[in-house]
Each structure stands twice: as structure tokens, then as C-alpha cells.
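Next comes protein.tsv, a file with TSV, C-alpha atoms.
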chain	number	residue	atom	x	y	z
A	24	GLU	CA	36.56	151.18	107.15
A	25	LYS	CA	35.88	150.19	110.75
A	26	LYS	CA	32.31	149.31	109.85
A	27	ARG	CA	33.46	147.16	106.94
A	28	ARG	CA	35.94	145.29	109.17
A	29	LYS	CA	33.25	144.77	111.78
A	30	ASN	CA	30.87	143.34	109.16
A	31	ASN	CA	33.62	141.04	107.83
A	32	THR	CA	34.33	139.86	111.38
A	33	LYS	CA	30.63	139.13	111.92
A	34	ARG	CA	30.42	137.17	108.66
A	35	ARG	CA	33.57	135.22	109.54
A	36	THR	CA	32.28	134.42	113.02
A	37	HIS	CA	28.93	133.34	111.60
A	38	SER	CA	30.66	131.11	109.03
A	39	GLU	CA	32.81	129.54	111.74
A	40	GLN	CA	29.74	128.86	113.85
A	41	LEU	CA	28.01	127.23	110.89
A	42	GLY	CA	31.14	125.17	110.24
A	43	ARG	CA	31.32	123.97	113.85
A	44	GLN	CA	27.61	123.21	113.84
A	45	SER	CA	27.94	121.33	110.57
A	46	ARG	CA	30.84	119.25	111.92
A	47	SER	CA	28.86	118.51	115.07
A	48	GLU	CA	25.82	117.47	113.02
A	49	ARG	CA	27.93	115.21	110.80
A	50	LYS	CA	29.44	113.62	113.90
A	51	ASN	CA	25.98	113.02	115.38
A	52	VAL	CA	24.77	111.52	112.10
A	53	ARG	CA	27.73	109.13	112.02
A	54	ARG	CA	27.12	108.21	115.68
A	55	ARG	CA	23.45	107.51	115.02
A	56	GLY	CA	24.40	105.44	111.98
A	57	ARG	CA	26.81	103.30	114.00
A	58	ARG	CA	24.21	102.82	116.71
A	59	LYS	CA	21.58	101.81	114.15
A	60	ARG	CA	23.93	99.32	112.47
A	61	ARG	CA	24.83	97.84	115.84
A	62	VAL	CA	21.17	97.39	116.79
A	63	GLU	CA	20.42	95.81	113.41
A	64	TYR	CA	23.42	93.49	113.76
A	65	LEU	CA	22.42	92.30	117.24
A	66	SER	CA	18.77	91.88	116.22
A	67	GLN	CA	19.80	88.77	114.23
A	68	PHE	CA	20.80	86.91	117.38
A	69	VAL	CA	18.71	85.30	120.06
A	70	VAL	CA	18.91	83.96	123.61
A	71	ALA	CA	18.54	80.18	123.83
A	72	LYS	CA	18.20	77.74	126.72
A	73	VAL	CA	20.45	74.68	126.85
A	74	LEU	CA	18.37	71.47	126.99
A	75	GLU	CA	20.94	68.72	126.40
A	76	ILE	CA	24.72	68.38	126.17
A	77	THR	CA	26.39	65.42	124.45
A	78	GLN	CA	30.13	65.03	123.95
A	79	ILE	CA	31.19	63.91	120.47
A	80	PRO	CA	33.39	60.75	120.73
A	81	ASN	CA	37.01	61.17	119.66
A	82	LYS	CA	36.55	64.89	119.08
A	83	ASP	CA	38.43	66.98	121.64
A	84	ASN	CA	36.18	69.56	123.30
A	85	LEU	CA	33.45	69.26	120.65
A	86	LYS	CA	29.93	68.69	121.91
A	87	VAL	CA	26.41	68.73	120.50
A	88	ILE	CA	23.93	70.82	122.44
A	89	ARG	CA	20.18	70.99	121.97
A	90	VAL	CA	18.78	74.42	122.71
A	91	ASP	CA	15.37	76.03	122.88
A	92	ALA	CA	15.50	79.30	120.93
A	93	GLY	CA	12.00	80.35	122.00
A	94	GLY	CA	8.88	80.51	119.89
A	95	GLY	CA	7.42	77.19	120.96
A	96	GLY	CA	7.72	75.46	117.57
A	97	GLU	CA	9.64	72.34	116.58
A	98	ASP	CA	11.95	74.48	114.45
A	99	ASP	CA	12.91	76.44	117.56
A	100	VAL	CA	14.65	73.43	119.15
A	101	LEU	CA	18.08	73.37	117.52
A	102	SER	CA	21.14	71.12	117.57
A	103	ILE	CA	24.40	73.08	117.56
A	104	VAL	CA	27.98	71.83	117.66
A	105	THR	CA	30.29	73.90	119.83
A	106	ASN	CA	33.61	73.74	121.67
A	107	ALA	CA	32.72	76.42	124.22
A	108	LYS	CA	34.02	75.06	127.53
A	109	ASN	CA	31.60	77.06	129.67
A	110	VAL	CA	28.55	75.39	128.12
A	111	SER	CA	28.52	72.66	130.73
A	112	GLU	CA	25.14	72.89	132.46
A	113	ILE	CA	21.57	72.20	131.46
A	114	GLY	CA	19.42	75.31	131.76
A	115	LEU	CA	22.08	77.86	130.84
A	116	LEU	CA	20.96	80.80	128.73
A	117	ILE	CA	23.38	81.52	125.90
A	118	ALA	CA	23.52	83.77	122.83
A	119	ILE	CA	23.25	81.98	119.50
A	120	ALA	CA	23.07	82.76	115.80
A	121	ARG	CA	20.47	80.84	113.85
A	122	VAL	CA	20.89	79.67	110.27
A	123	GLY	CA	20.84	82.68	107.94
A	124	ALA	CA	22.40	85.17	110.36
A	125	THR	CA	25.47	87.09	109.19
A	126	LEU	CA	28.48	87.66	111.43
A	127	LYS	CA	30.46	90.90	111.42
A	128	ASP	CA	33.14	89.40	109.17
A	129	GLY	CA	30.50	88.56	106.56
A	130	THR	CA	30.22	84.85	107.40
A	131	VAL	CA	26.70	83.55	106.86
A	132	ILE	CA	25.61	80.84	109.31
A	133	LYS	CA	24.60	77.67	107.46
A	134	LYS	CA	23.38	74.25	108.43
A	135	GLN	CA	26.44	72.04	108.09
A	136	LEU	CA	28.37	69.05	109.40
A	137	VAL	CA	30.82	69.84	112.18
A	138	GLY	CA	32.77	67.00	113.74
A	139	GLY	CA	30.51	64.53	112.01
A	140	GLU	CA	27.36	66.03	113.52
A	141	MET	CA	24.82	68.36	111.93
A	142	SER	CA	24.93	71.87	113.36
A	143	SER	CA	22.00	74.25	112.85
A	144	GLY	CA	23.43	77.44	114.26
A	145	MET	CA	26.37	78.84	116.18
A	146	VAL	CA	27.12	79.63	119.81
A	147	LEU	CA	28.29	83.24	120.10
A	148	ASP	CA	31.04	84.67	122.28
A	149	ALA	CA	31.36	88.24	123.57
A	150	PRO	CA	33.65	89.52	120.76
A	151	LEU	CA	31.17	88.37	118.10
A	152	LEU	CA	28.50	90.43	119.89
A	153	ASN	CA	30.81	93.45	120.09
A	154	TRP	CA	30.69	93.34	123.88
A	155	LYS	CA	33.66	95.13	125.42
A	156	SER	CA	34.34	92.38	127.97
A	157	GLY	CA	34.26	88.61	127.66
A	158	SER	CA	36.60	85.96	126.27
A	159	HIS	CA	37.05	84.55	122.80
A	160	GLY	CA	35.71	81.02	122.51
A	161	LEU	CA	33.47	81.15	125.59
A	162	ALA	CA	29.72	81.32	125.16
A	163	ALA	CA	28.04	84.62	126.01
A	164	ILE	CA	25.85	83.71	128.99
A	165	LEU	CA	22.77	85.65	130.14
A	166	PRO	CA	21.35	85.69	133.70
A	167	SER	CA	18.03	83.89	134.12
A	168	ASP	CA	17.10	84.43	137.79
A	169	GLU	CA	13.62	85.99	137.67
A	170	THR	CA	13.98	87.35	141.22
A	171	LYS	CA	16.78	89.70	140.12
A	172	PRO	CA	16.27	93.12	138.47
A	173	LEU	CA	17.55	91.94	135.06
A	174	TRP	CA	16.88	88.56	133.51
A	175	TRP	CA	16.33	86.96	130.13
A	176	LYS	CA	14.45	83.97	128.74
A	177	ALA	CA	14.66	81.80	125.63
A	178	GLY	CA	13.65	83.77	122.55
A	179	ASP	CA	14.73	87.19	123.84
A	180	LYS	CA	17.00	89.41	121.78
A	181	VAL	CA	20.63	89.69	122.84
A	182	PRO	CA	21.47	92.91	124.77
A	183	LYS	CA	23.89	95.47	123.37
A	184	SER	CA	26.37	95.03	126.24
A	185	ARG	CA	27.41	92.23	128.55
A	186	PRO	CA	25.09	92.09	131.59
A	187	ARG	CA	26.34	91.43	135.09
A	188	SER	CA	26.31	87.72	135.87
A	189	ASP	CA	24.43	88.32	139.15
A	190	GLY	CA	21.48	89.91	137.31
A	191	LEU	CA	21.84	93.27	139.07
A	192	ALA	CA	21.60	96.62	137.31
A	193	GLY	CA	24.64	97.78	135.38
A	194	ASN	CA	26.84	95.75	133.04
A	195	ASP	CA	30.27	94.14	132.99
A	196	ASP	CA	31.32	96.20	129.97
A	197	ASP	CA	31.40	99.33	132.11
A	198	THR	CA	34.85	99.33	133.68
A	199	ASN	CA	34.32	102.73	135.31
A	200	GLY	CA	31.54	101.50	137.56
A	201	LYS	CA	28.88	103.58	135.83
A	202	LYS	CA	25.38	102.16	135.60
A	203	GLU	CA	23.56	101.72	132.32
A	204	GLU	CA	19.82	101.84	131.94
A	205	PRO	CA	18.16	98.86	130.20
A	206	VAL	CA	17.81	99.56	126.47
A	207	VAL	CA	16.51	96.27	125.09
A	208	ASP	CA	12.74	95.87	124.88
A	209	THR	CA	12.87	92.15	125.60
A	210	MET	CA	15.00	92.61	128.69
A	211	PHE	CA	12.89	92.27	131.81
A	212	ALA	CA	13.72	94.84	134.46
A	213	ARG	CA	12.14	95.14	137.90
A	214	LYS	CA	12.61	98.57	139.50
A	215	LEU	CA	13.62	98.50	143.13
A	216	SER	CA	11.37	100.20	145.65
A	217	LYS	CA	12.65	102.98	147.91
A	218	GLU	CA	12.75	100.53	150.81
A	219	GLU	CA	14.76	98.00	148.78
A	220	LYS	CA	17.20	100.69	147.66
A	221	LYS	CA	17.61	101.89	151.25
A	222	ALA	CA	18.15	98.33	152.53
A	223	ALA	CA	20.71	97.63	149.77
A	224	LEU	CA	22.58	100.85	150.62
A	225	GLU	CA	22.62	100.02	154.34
A	226	ALA	CA	23.86	96.49	153.60
A	227	LYS	CA	26.63	97.90	151.41
A	228	ARG	CA	27.68	100.33	154.15
A	229	ALA	CA	27.64	97.56	156.76
A	230	ALA	CA	29.81	95.36	154.53
A	231	ARG	CA	32.33	98.18	154.11
A	232	ALA	CA	32.38	98.81	157.85
A	233	ALA	CA	32.90	95.10	158.57
A	234	LYS	CA	35.71	94.93	156.01
A	235	LYS	CA	37.38	97.99	157.50
A	236	ALA	CA	37.06	96.62	161.04
A	237	GLY	CA	38.59	93.33	159.91
A	238	GLY	CA	41.52	95.14	158.34
A	239	ASP	CA	42.22	97.13	161.54
A	240	GLU	CA	42.47	93.99	163.69
Would you mind giving the structure from this file in C-alpha cells?
Amino acid sequence: EKKRRKNNTKRRTHSEQLGRQSRSERKNVRRRGRRKRRVEYLSQFVVAKVLEITQIPNKDNLKVIRVDAGGGGEDDVLSIVTNAKNVSEIGLLIAIARVGATLKDGTVIKKQLVGGEMSSGMVLDAPLLNWKSGSHGLAAILPSDETKPLWWKAGDKVPKSRPRSDGLAGNDDDTNGKKEEPVVDTMFARKLSKEEKKAALEAKRAARAAKKAGGDE
């Protein structure tokens, strides 16, 4: 009797382990599926450089921008109508959807008249890119300073999370201050040397000390 109970307990324990393992595997499969769908969704979009900005007369906040979407061809210079207030400087790098891309609500981007002007694409904001931070209606802007660790250029794919505006490692989506390693192939990253890391750490400590000394006065 004791032996039978022991065998039953072993079988029950083994079944429970298989059940937990199966649930864990299903969870991992769902997680990988979501990650794959997210990568596929973002792969439709591209970084573009603002070349010209022209306000549309008698249309509040609407403007026509010409952008270079990379590639070097005539078809890669696009005219897009937008009301994004932060698209105000030539040379900005912004995220766009070209004609044929599909947004997360199922909307397919088409070439169409907007405000009386032909628009061949759409300027994207952070929510459309599924970034955790960033405002509705403001263009998603990418850093372009080549002297910084992270920078983009026209034609690059859009990253999976909002990068820091200063081009340093990490991202603005991470509210806990954790750093995220670059995951996008087209994102250029320059690794800091040991000397640069040491200098940055010393500068950070000096800034804290100066701030503390100022607060004590």
C-alpha cells in the first residue's frame, strides 16, 4: 500500500512538473510570437530626413514637408502633409510610413490629397510605433549626431523603443533607469573605451558633488 501511494505521488509530481513546463513553454511561445509581430510591424517604417517645410495657406497647422527616405532614388524623396508641431527644422530625422504600409489599426497608407496637397506617406508618432513614451500627434524624432554612441540616418529602420534624444545609450521608454542594448541592425552604436567610461563616471561624480555642495550653501 505504501509503495502504491509512493508511486502515485511520483506520477502526480511528474505530471505537475510537465504541466508547469508546458505552461511555461506556451508562455514563451506567445512571448516570441508577440516579439516577432512587433519586429515585423516596425520593419514597415523608415527613418527620413526633413529637406523642406512649407506651410499650407489657410490650413491651421498643416504643412507639406519633403523628406529623404534613403535609398538615393527619386522615389525616395517624398512629399508628406502633416500637422506635427515639432517638425519645424530642416535636417530633423523622423519616423515615417511610406505608401503601402499598414498601421496597427489596419489603416493602409495611401497616396492622397490632404489639405489640398498630395501626401505620399505619413509622419508617425510614438504611440503608432508602440513606444512606451512620447506624445500623440508629435513626430517620433531620432538622434542624428554621429559623434554620439547611438545615431540614425535616412533609410534606417525605426528602433523598437524610443531612443534618448541626446544619443546616449539607453532609451526614454525605460522609466526605471535600466539600460537597453541596441537591438536594431541599422542602428549605429559606438562602444565607449575604458578611458571614456572612466572619464564619464568621474564627470558624473563631480557633478553630483557640485550639486550637493551647492545645496549645502
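By chain and then residue number, the residues within 9 Å of His159 in chain A are Asp148, Ala149, Pro150 and Leu151 of chain A, counting all atoms listed in the file and disregarding those fewer than 6 positions away in sequence.
Shortest atom-to-atom contact with Pro166 in chain A among A:Ala124, A:Leu147, A:Leu115, A:Val137: A:Leu115, counting all atoms listed in the file.
Going from CA of Leu101 in chain A to CA of Asn81 in chain A covers 22.6 Å.
Non-sequential neighbours of Gly178 in chain A (distance at most 9 Å, separation of 6 or more positions within a chain, only C-alpha atoms) are Val69, Val70, Ala71, Lys72, Asp91, Ala92, Gly93, Gly94, Asp99 and Thr209 of chain A.
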Residue subset to file, keeping C-alpha atoms, as a PDB file, keeping the file's coordinate frame:
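The result, stored in selection31.pdb:
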ATOM      1  CA  VAL A  69      18.710  85.300 120.060  1.00  0.00           C
ATOM      2  CA  VAL A  70      18.910  83.960 123.610  1.00  0.00           C
ATOM      3  CA  ALA A  71      18.540  80.180 123.830  1.00  0.00           C
ATOM      4  CA  LYS A  72      18.200  77.740 126.720  1.00  0.00           C
ATOM      5  CA  ASP A  91      15.370  76.030 122.880  1.00  0.00           C
ATOM      6  CA  ALA A  92      15.500  79.300 120.930  1.00  0.00           C
ATOM      7  CA  GLY A  93      12.000  80.350 122.000  1.00  0.00           C
ATOM      8  CA  GLY A  94       8.880  80.510 119.890  1.00  0.00           C
ATOM      9  CA  ASP A  99      12.910  76.440 117.560  1.00  0.00           C
ATOM     10  CA  THR A 209      12.870  92.150 125.600  1.00  0.00           C
TER      11      THR A 209
END
Identify, on the basis of all atoms listed in the file, every residue whose closest approach to Gly144 in chain A does not exceed 10 Å; exclude the query and any residue fewer than 5 positions from it along the same chain; express the result as a tab-separated table (two decimals) with C-alpha atoms, keeping the file's coordinate frame.
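Produced file selection-v7.tsv, reproduced below:
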chain	number	residue	atom	x	y	z
A	101	LEU	CA	18.08	73.37	117.52
A	102	SER	CA	21.14	71.12	117.57
A	103	ILE	CA	24.40	73.08	117.56
A	104	VAL	CA	27.98	71.83	117.66
A	105	THR	CA	30.29	73.90	119.83
A	119	ILE	CA	23.25	81.98	119.50
A	120	ALA	CA	23.07	82.76	115.80
A	121	ARG	CA	20.47	80.84	113.85
A	122	VAL	CA	20.89	79.67	110.27
A	123	GLY	CA	20.84	82.68	107.94
A	124	ALA	CA	22.40	85.17	110.36
A	132	ILE	CA	25.61	80.84	109.31
A	133	LYS	CA	24.60	77.67	107.46
A	134	LYS	CA	23.38	74.25	108.43
A	135	GLN	CA	26.44	72.04	108.09
Residue among A:Ile79, A:Asn109, A:Ala118, A:Ser167 lying closest to Lys180 in chain A, counting all atoms listed in the file: A:Ala118
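Distances to Lys82 in chain A were evaluated for A:Ser47, A:Thr170, A:Ser111, A:Asn106 using all atoms listed in the file, and the minimum falls at A:Asn106.
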For Val73 in chain A: contacts at 6 Å, only C-alpha atoms, fewer than 5 positions along chain excluded, given as a ChimeraX atom specification: /A:90,113-115
Top pick for closest residue to Gly190 in chain A, considering A:Lys235, A:Lys171, A:Arg54, A:Arg89 and counting all atoms listed in the file: A:Lys171
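Between CA of Tyr64 in chain A and CA of Val110 in chain A the interatomic distance comes to 23.7 Å.
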Atomic separation - CA of Asp98 in chain A relative to CA of Trp174 in chain A, Å: 24.2 Å
Residue with smallest distance to Leu126 in chain A - pool A:Gln78, A:Asn51, A:Asn153, A:Ser188, counting only C-alpha atoms: A:Asn153
Counting only C-alpha atoms, the residue of A:Leu161, A:Lys127, A:Leu85, A:Lys50 that sits nearest Ala107 in chain A: A:Leu161
Add whatever atoms are absent from range 155-166 of chain A to reach all heavy atoms, and provide the output as an mmCIF file, keeping the file's coordinate frame.
data_model
loop_
_atom_site.group_PDB
_atom_site.id
_atom_site.type_symbol
_atom_site.label_atom_id
_atom_site.label_comp_id
_atom_site.auth_asym_id
_atom_site.auth_seq_id
_atom_site.Cartn_x
_atom_site.Cartn_y
_atom_site.Cartn_z
ATOM 1 N N LYS A 155 32.321 94.670 125.090
ATOM 2 C CA LYS A 155 33.660 95.130 125.420
ATOM 3 C C LYS A 155 34.410 94.167 126.336
ATOM 4 O O LYS A 155 35.629 94.177 126.381
ATOM 5 C CB LYS A 155 33.582 96.505 126.081
ATOM 6 C CG LYS A 155 33.078 97.599 125.147
ATOM 7 C CD LYS A 155 33.004 98.928 125.864
ATOM 8 C CE LYS A 155 32.457 100.011 124.958
ATOM 9 N NZ LYS A 155 32.308 101.309 125.670
ATOM 10 N N SER A 156 33.695 93.355 127.094
ATOM 11 C CA SER A 156 34.340 92.380 127.970
ATOM 12 C C SER A 156 33.830 90.991 127.643
ATOM 13 O O SER A 156 32.752 90.825 127.089
ATOM 14 C CB SER A 156 34.079 92.711 129.446
ATOM 15 O OG SER A 156 32.687 92.666 129.716
ATOM 16 N N GLY A 157 34.613 89.974 127.997
ATOM 17 C CA GLY A 157 34.260 88.610 127.660
ATOM 18 C C GLY A 157 35.329 87.973 126.800
ATOM 19 O O GLY A 157 36.006 88.666 126.045
ATOM 20 N N SER A 158 35.489 86.655 126.921
ATOM 21 C CA SER A 158 36.600 85.960 126.270
ATOM 22 C C SER A 158 36.219 85.355 124.929
ATOM 23 O O SER A 158 35.070 84.958 124.708
ATOM 24 C CB SER A 158 37.128 84.849 127.191
ATOM 25 O OG SER A 158 37.544 85.379 128.428
ATOM 26 N N HIS A 159 37.208 85.274 124.063
ATOM 27 C CA HIS A 159 37.050 84.550 122.800
ATOM 28 C C HIS A 159 36.838 83.066 123.104
ATOM 29 O O HIS A 159 37.501 82.498 123.968
ATOM 30 C CB HIS A 159 38.290 84.701 121.925
ATOM 31 C CG HIS A 159 38.424 86.041 121.285
ATOM 32 N ND1 HIS A 159 37.794 86.381 120.096
ATOM 33 C CD2 HIS A 159 39.119 87.146 121.660
ATOM 34 C CE1 HIS A 159 38.095 87.616 119.774
ATOM 35 N NE2 HIS A 159 38.887 88.110 120.699
ATOM 36 N N GLY A 160 35.908 82.458 122.387
ATOM 37 C CA GLY A 160 35.710 81.020 122.510
ATOM 38 C C GLY A 160 34.822 80.576 123.650
ATOM 39 O O GLY A 160 34.502 79.391 123.756
ATOM 40 N N LEU A 161 34.394 81.489 124.498
ATOM 41 C CA LEU A 161 33.470 81.150 125.590
ATOM 42 C C LEU A 161 32.092 81.714 125.256
ATOM 43 O O LEU A 161 31.965 82.856 124.797
ATOM 44 C CB LEU A 161 33.959 81.729 126.918
ATOM 45 C CG LEU A 161 35.251 81.155 127.479
ATOM 46 C CD1 LEU A 161 35.579 81.826 128.819
ATOM 47 C CD2 LEU A 161 35.156 79.641 127.660
ATOM 48 N N ALA A 162 31.079 80.890 125.493
ATOM 49 C CA ALA A 162 29.720 81.320 125.160
ATOM 50 C C ALA A 162 29.324 82.550 125.963
ATOM 51 O O ALA A 162 29.671 82.690 127.138
ATOM 52 C CB ALA A 162 28.742 80.182 125.442
ATOM 53 N N ALA A 163 28.613 83.460 125.314
ATOM 54 C CA ALA A 163 28.040 84.620 126.010
ATOM 55 C C ALA A 163 26.826 84.128 126.790
ATOM 56 O O ALA A 163 25.857 83.634 126.205
ATOM 57 C CB ALA A 163 27.628 85.687 125.000
ATOM 58 N N ILE A 164 26.889 84.232 128.113
ATOM 59 C CA ILE A 164 25.850 83.710 128.990
ATOM 60 C C ILE A 164 25.012 84.852 129.565
ATOM 61 O O ILE A 164 25.545 85.888 129.956
ATOM 62 C CB ILE A 164 26.470 82.869 130.130
ATOM 63 C CG1 ILE A 164 27.152 81.629 129.538
ATOM 64 C CG2 ILE A 164 25.406 82.449 131.151
ATOM 65 C CD1 ILE A 164 27.845 80.764 130.561
ATOM 66 N N LEU A 165 23.699 84.647 129.619
ATOM 67 C CA LEU A 165 22.770 85.650 130.140
ATOM 68 C C LEU A 165 22.178 85.169 131.462
ATOM 69 O O LEU A 165 21.901 83.972 131.622
ATOM 70 C CB LEU A 165 21.626 85.900 129.154
ATOM 71 C CG LEU A 165 21.892 86.611 127.827
ATOM 72 C CD1 LEU A 165 22.524 87.983 128.087
ATOM 73 C CD2 LEU A 165 22.728 85.810 126.888
ATOM 74 N N PRO A 166 21.970 86.074 132.434
ATOM 75 C CA PRO A 166 21.350 85.690 133.700
ATOM 76 C C PRO A 166 19.879 85.329 133.511
ATOM 77 O O PRO A 166 19.190 85.923 132.676
ATOM 78 C CB PRO A 166 21.517 86.935 134.576
ATOM 79 C CG PRO A 166 21.689 88.060 133.619
ATOM 80 C CD PRO A 166 22.382 87.490 132.421
#
